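Below is one structure, written out as structure tokens; the observations come after it.
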Amino acid sequence: MADASSRRAESARATRHRILETARILLSRDGYAAMTVTKLAVAAGVSPQTIYNSIGGKAEVVKALYDIVLAGDTDETPMSQRPDFRVVTSATSAGAWAAAYAAWSRRINERTGPLLALLLAHGPGGDLTLQEFLATTDRERRQGNRNSISGKIGERIPAQYRETVVDSIWVLTAPDVFAKLTQRCGWTPAAYEAWLADQLKTTINRGR
């Protein structure tokens with residue numbers, strides 16, 4: 001019985017992976033608007049109902065794909081509990097914290113940038129799925145920004161300034177800031193990281 005259950009779980013994971021990988025290919029080839037659940041089902045070799053059962057509708061597929069790209073793997077360990085992020089929260093000086101979080105943000109933006117560009121090539125417009133996606137990722141990113149100062153650095157920030165500091169971090173680490181500097185201004189990712197580290201250090205020092 002246990003073996004049968006394990007096989008079913010593995011089959012479900014494989015199906016989910018195939019659906020999401022197919023979604024990534026369709027988005028890259030045809031763009032967001034052209035990808036429907038029906039087209040995705042045909043391309044992945046499953047039924048539309050299988051997609052709904054395994055992941056959900058188009059909004060859930062897009063979000064699930066984004067989460068994998070964001071993390072860089074399919075490990076379900078929360079980002080805030082990963083070793084790279086613990087380097088941020090364990091920092092004991094503003095400089096060390098800023099350097100660690102700038103490096104983290106660069107990696108995140110490098111991974112998610114291409115997918116976000118595909119999704120937002122024409123802006124969210126009146127598409128409720130994209131609007132919901134952006135609202136959700138913004139909320140999650142802000143929580144991540146708040147988590148970044150959950151260690152010793154955060155203890156030094158007076159309570160009345162904490163949300164202002166989070167506001168500043170949220171703006172500085174925004175994907176569109178990374179895109180503007182690296183794509184429109186021609187900065188290298190390394191130059192972005194160095195700039196961001198300086199800005200984050202200044203932000204933390206002002207809030208103390």
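A note on labels: chains of the structure tokens are A, B, ... as shown, every chain counts residues from 1, and ligands are counted from 1 in their shown order.
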inquiry  = Would you pick out the contacts of A:Ala94 at 8 Å or less, using only C-alpha atoms, so that residues sharing its chain but fewer than 3 positions from it are not included, and give the list as a PyMOL selection string?
reply    = chain A and resi 91+97-98+153+201+204-205
query = Could you pull the residues within 12 Å of A:Ala96, counting only C-alpha atoms, minus those fewer than 3 positions along the same chain, as a list in words?
reply = Val87, Val88, Thr89, Ser90, Ala91, Thr92, Ser93, Ala99, Ala100, Tyr101, Ala102, Ala103, Lys152, Ile153, Ala197, Asp198, Leu200, Lys201 and Ile204 of chain A
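Atom CA of A:Asp67 is positioned 29.0 Å from atom CA of A:Gly95.
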Contacts of A:Glu163 at 12 Å (only C-alpha atoms; same-chain gap of 5+ positions) as a ChimeraX atom specification = /A:142-143,145-147,149,154,157-158,168-170,203-204,207
Quick one: write out the picked residues with N, CA and C atoms as a PDB file, in the first residue's frame?
```pdb
ATOM      1  N   ARG A 142       7.154  42.130  -0.276  1.00  0.00           N
ATOM      2  CA  ARG A 142       7.208  43.030   0.882  1.00  0.00           C
ATOM      3  C   ARG A 142       7.417  42.242   2.178  1.00  0.00           C
ATOM      4  N   GLN A 143       6.777  41.087   2.282  1.00  0.00           N
ATOM      5  CA  GLN A 143       6.992  40.261   3.463  1.00  0.00           C
ATOM      6  C   GLN A 143       8.438  39.785   3.512  1.00  0.00           C
ATOM      7  N   ASN A 145      10.960  41.437   2.301  1.00  0.00           N
ATOM      8  CA  ASN A 145      11.722  42.612   2.733  1.00  0.00           C
ATOM      9  C   ASN A 145      11.662  42.767   4.249  1.00  0.00           C
ATOM     10  N   ARG A 146      10.481  42.546   4.800  1.00  0.00           N
ATOM     11  CA  ARG A 146      10.317  42.653   6.252  1.00  0.00           C
ATOM     12  C   ARG A 146      11.110  41.555   6.959  1.00  0.00           C
ATOM     13  N   ASN A 147      11.101  40.359   6.373  1.00  0.00           N
ATOM     14  CA  ASN A 147      11.856  39.253   6.967  1.00  0.00           C
ATOM     15  C   ASN A 147      13.360  39.530   6.972  1.00  0.00           C
ATOM     16  N   ILE A 149      14.941  42.054   7.785  1.00  0.00           N
ATOM     17  CA  ILE A 149      15.402  42.796   8.970  1.00  0.00           C
ATOM     18  C   ILE A 149      14.880  42.149  10.253  1.00  0.00           C
ATOM     19  N   GLY A 154      17.559  44.384  12.481  1.00  0.00           N
ATOM     20  CA  GLY A 154      16.224  44.907  12.744  1.00  0.00           C
ATOM     21  C   GLY A 154      16.026  45.354  14.170  1.00  0.00           C
ATOM     22  N   ILE A 157      16.560  49.026  14.742  1.00  0.00           N
ATOM     23  CA  ILE A 157      15.697  50.010  14.085  1.00  0.00           C
ATOM     24  C   ILE A 157      14.528  50.338  15.013  1.00  0.00           C
ATOM     25  N   PRO A 158      14.363  51.588  15.407  1.00  0.00           N
ATOM     26  CA  PRO A 158      13.233  51.960  16.271  1.00  0.00           C
ATOM     27  C   PRO A 158      11.907  51.557  15.637  1.00  0.00           C
ATOM     28  N   SER A 168      11.299  51.562   1.977  1.00  0.00           N
ATOM     29  CA  SER A 168      12.480  51.898   1.184  1.00  0.00           C
ATOM     30  C   SER A 168      13.107  50.650   0.562  1.00  0.00           C
ATOM     31  N   ILE A 169      13.207  49.581   1.350  1.00  0.00           N
ATOM     32  CA  ILE A 169      13.775  48.331   0.842  1.00  0.00           C
ATOM     33  C   ILE A 169      12.912  47.775  -0.281  1.00  0.00           C
ATOM     34  N   TRP A 170      11.609  47.862  -0.102  1.00  0.00           N
ATOM     35  CA  TRP A 170      10.652  47.358  -1.098  1.00  0.00           C
ATOM     36  C   TRP A 170      10.836  48.063  -2.435  1.00  0.00           C
ATOM     37  N   THR A 203      19.984  53.195   3.845  1.00  0.00           N
ATOM     38  CA  THR A 203      18.622  53.061   4.369  1.00  0.00           C
ATOM     39  C   THR A 203      18.623  52.553   5.807  1.00  0.00           C
ATOM     40  N   ILE A 204      19.405  51.536   6.061  1.00  0.00           N
ATOM     41  CA  ILE A 204      19.456  50.977   7.408  1.00  0.00           C
ATOM     42  C   ILE A 204      20.054  51.977   8.397  1.00  0.00           C
ATOM     43  N   GLY A 207      17.652  54.598   9.424  1.00  0.00           N
ATOM     44  CA  GLY A 207      16.557  54.140  10.263  1.00  0.00           C
ATOM     45  C   GLY A 207      16.958  53.810  11.683  1.00  0.00           C
TER      46      GLY A 207
END
```
ask   = Can you tell me, as a ChimeraX atom specification, what residues are no more than 12 Å from A:Lys180 when counting only C-alpha atoms, ignoring any on the same chain fewer than 5 positions away?
value = /A:109,113,117,172-175,185-189,192
